[in-house]
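S.K.: One structure is given below, represented as structure tokens, and several questions about it will come after.
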Amino acid sequence: MPNQAPLRSVTIGDKTVTFLPDGGGTLAPTALFPVSSAEGWQSYPSLLDDDGNFVTSVGGFLIKTGDKLIAVDTGFGALRVDFPGFGPLIGGDYHKSFSATGHQREDVTDVIFTHLHLDHVGWTTLEVDGQRELMYPNARYWCAQAEWEFWHGGNSPIGPHPEFVQKPLENLIQFVQDGDEIAPGIKVVSTPGHLSLVVDGGEAGRIFLTADVFHGVAQLTESDWAVAFDNDPTLARTTREALYTQLTQPNTLCAINHFSNEVFGHITPAGERYAWQLLS
Ligand SMILES: [Zn+2]
């Protein structure tokens, strides 16, 4: 049976990428992937729990390189949300996961948001002694300008919380775009709908953090299975298809935060489609 992915660090050259688990969800698969059918899911029993629900992980990443410590997204937050018709998504472990790395919150130099869905911004602030404060008080904050403008001023149930996320970031957020480097060897790649990141470890290879281009392994074989939260399912599919060329390059490790069991692995060609090989 699938599980939520555990905390894990991978070092590549002089850089280390750590997955910081926050929790996860057990969601109705045909609600999350509206194009899919119960029949279609019979090909993927290993992705479903005993009740037939799709198991997903939520969390963020931490990249250590030189004197930079970069958080990529901040998980879901210490909360449970039952999306009607979908099932529960539960967070709460992100802070504990971060502490387990041995770093202090003050050490984080940068936070980059791949996008601003609520499961990627949840620990932007936390409550300390009854007061809301930034999880990473000394960081610079980055996201795509279009993404900030899309959500800013709104109060969507799937977007950034007005008080806990938007307001604290209003005077801090800075914008990045395709090709920008957050730090040497940490490059932003636009994957329409999100920002992805490439961590270049030199001869050791690279790690491609693909944001929410993929939500589940089944999408490697069922490329039209967009998730319900994709604003533009056609664009989401085009983005996935366009990325395979890069993701299947030699020495390319993928880091996909919503995958169950393990977020690090290799995408490899398999017939006309692709397969997922967990990092052993
Ligand atoms: Zn997500």
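Residue numbers start at 1 in each chain; chains themselves are named A, B, ... in the order of the structure tokens; ligands are numbered from 1 in the order shown.
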Residues up to 7 Å from ligand 1, counting only C-alpha atoms and all ligand atoms: could you list those as a VMD selection string?
M.R.: chain A and resid 117 119 to 120 212 258
S.K.: May I have a table of the residues of range 64-134 of chain A lying at most 12 Å from range 30-43 of chain A, giving each one's closest pair of atoms and their distance in Å to one decimal, counting only C-alpha atoms, ordered by chain and ascending residue number, as CSV?
M.R.:
residue,atom,partner,partner_atom,distance
A:Phe83,CA,A:Ala31,CA,10.1
A:Pro84,CA,A:Ala31,CA,9.6
A:Gly85,CA,A:Ala31,CA,6.7
A:Phe86,CA,A:Ala31,CA,5.7
A:Gly87,CA,A:Ala31,CA,9.2
A:Pro88,CA,A:Leu32,CA,11.8
A:Leu89,CA,A:Leu32,CA,11.9
S.K.: Can you work out which one of A:Gly77, A:Gly13, A:Gly92, A:Gly154 has the shortest atom-to-atom distance to Thr125 in chain A, counting only C-alpha atoms?
M.R.: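 Comparing A:Gly77, A:Gly13, A:Gly92, A:Gly154 against Thr125 in chain A, the winner is A:Gly77.
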S.K.: Extract the full set of strand (DSSP E) residues from range 95-209 of chain A according to DSSP on the backbone, and format it as a PyMOL selection string.
M.R.: chain A and resi 110-112+125-128+131-134+140-143+173-175+181-183+186-191+194-200+206-209
S.K.: Given the selection you just returned, output its residues as a file containing C-alpha atoms, formatted as a CSV table (one decimal), in the first residue's frame.
M.R.:
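File result25.csv, as written:
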chain,number,residue,atom,x,y,z
A,110,ASP,CA,15.6,32.4,0.3
A,111,VAL,CA,12.1,31.0,-0.1
A,112,ILE,CA,10.9,30.4,-3.7
A,125,THR,CA,3.9,31.9,8.7
A,126,LEU,CA,3.4,30.1,12.0
A,127,GLU,CA,2.0,30.9,15.4
A,128,VAL,CA,4.5,31.5,18.2
A,131,GLN,CA,1.5,35.8,17.4
A,132,ARG,CA,1.8,35.0,13.6
A,133,GLU,CA,5.4,35.3,12.4
A,134,LEU,CA,7.3,34.4,9.3
A,140,ARG,CA,14.2,36.8,0.6
A,141,TYR,CA,10.9,35.6,-1.0
A,142,TRP,CA,10.4,34.8,-4.7
A,143,CYS,CA,7.7,33.8,-7.0
A,173,ILE,CA,7.8,39.2,-2.4
A,174,GLN,CA,10.2,39.6,-5.4
A,175,PHE,CA,9.7,38.2,-8.9
A,181,GLU,CA,19.4,31.9,-10.9
A,182,ILE,CA,18.4,32.1,-7.2
A,183,ALA,CA,22.0,31.1,-6.4
A,186,ILE,CA,20.0,26.9,-8.9
A,187,LYS,CA,18.1,27.9,-11.9
A,188,VAL,CA,14.4,28.8,-12.4
A,189,VAL,CA,12.7,27.0,-15.3
A,190,SER,CA,9.2,28.1,-16.3
A,191,THR,CA,6.9,25.1,-16.6
A,194,HIS,CA,4.4,26.7,-12.1
A,195,LEU,CA,8.1,27.5,-11.7
A,196,SER,CA,10.4,24.5,-11.6
A,197,LEU,CA,14.0,24.5,-10.4
A,198,VAL,CA,17.1,22.8,-11.7
A,199,VAL,CA,19.8,22.1,-9.2
A,200,ASP,CA,23.1,21.7,-11.1
A,206,ARG,CA,21.3,17.6,-11.7
A,207,ILE,CA,18.1,17.4,-9.7
A,208,PHE,CA,14.9,18.7,-11.4
A,209,LEU,CA,12.3,19.9,-9.0
S.K.: Counting only C-alpha atoms, which of A:Thr56, A:Thr74, A:Thr65, A:Thr114 gets nearest to Ile12 in chain A?
M.R.: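 Nearest candidate to Ile12 in chain A out of A:Thr56, A:Thr74, A:Thr65, A:Thr114: A:Thr65.
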S.K.: Tell me, as a list in words, which residues lie within 8 Å of Ala226 in chain A, counting only C-alpha atoms; anything in the same chain fewer than 2 positions away does not count.
M.R.: Phe33, Pro34, Val35, Gln219, Ser223, Asp224, Ala228, Asp230, Pro233, Ala236 and Arg237 of chain A
S.K.: Output the selection as a short mmCIF file (atom, residue, chain, number, x, y, z; two decimals), in the first residue's frame - C-alpha atoms for each residue.
M.R.:
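What landed in selection36.cif:
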data_model
loop_
_atom_site.label_atom_id
_atom_site.label_comp_id
_atom_site.auth_asym_id
_atom_site.auth_seq_id
_atom_site.Cartn_x
_atom_site.Cartn_y
_atom_site.Cartn_z
CA PHE A 33 -8.10 13.36 -11.89
CA PRO A 34 -11.54 14.09 -13.42
CA VAL A 35 -10.61 12.64 -16.81
CA GLN A 219 0.39 10.65 -15.29
CA SER A 223 -0.72 12.14 -19.94
CA ASP A 224 -4.27 13.51 -20.30
CA ALA A 228 -8.90 19.09 -10.94
CA ASP A 230 -5.08 22.62 -12.99
CA PRO A 233 -5.73 21.01 -18.37
CA ALA A 236 -0.82 21.17 -18.08
CA ARG A 237 -0.57 18.28 -20.52
#
S.K.: From range 121-276 of chain A, collect each residue whose DSSP state is helix (DSSP H, G or I) and return the set as a PyMOL selection string.
M.R.: chain A and resi 145-151+162-169+202-204+217-220+233-247
S.K.: Could you work out how far CA of Pro192 in chain A lies from CA of Thr248 in chain A, giving the answer in Å with one decimal?
M.R.: 19.1 Å
S.K.: Which is closest to His215 in chain A among A:Ala28, A:Ile256, A:Ile90, A:Leu235, if we use only C-alpha atoms?
M.R.: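 Checking each of A:Ala28, A:Ile256, A:Ile90, A:Leu235 against His215 in chain A, counting only C-alpha atoms, the winner is A:Ile256.
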S.K.: Could you tell me how far CA of Asn53 in chain A lies from CA of Phe259 in chain A, in Å and to one decimal?
M.R.: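 Going from CA of Asn53 in chain A over to CA of Phe259 in chain A covers 13.9 Å.
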S.K.: Between CA of Gly23 in chain A and CA of Gly159 in chain A, what is the spacing in Å?
M.R.: 18.3 Å
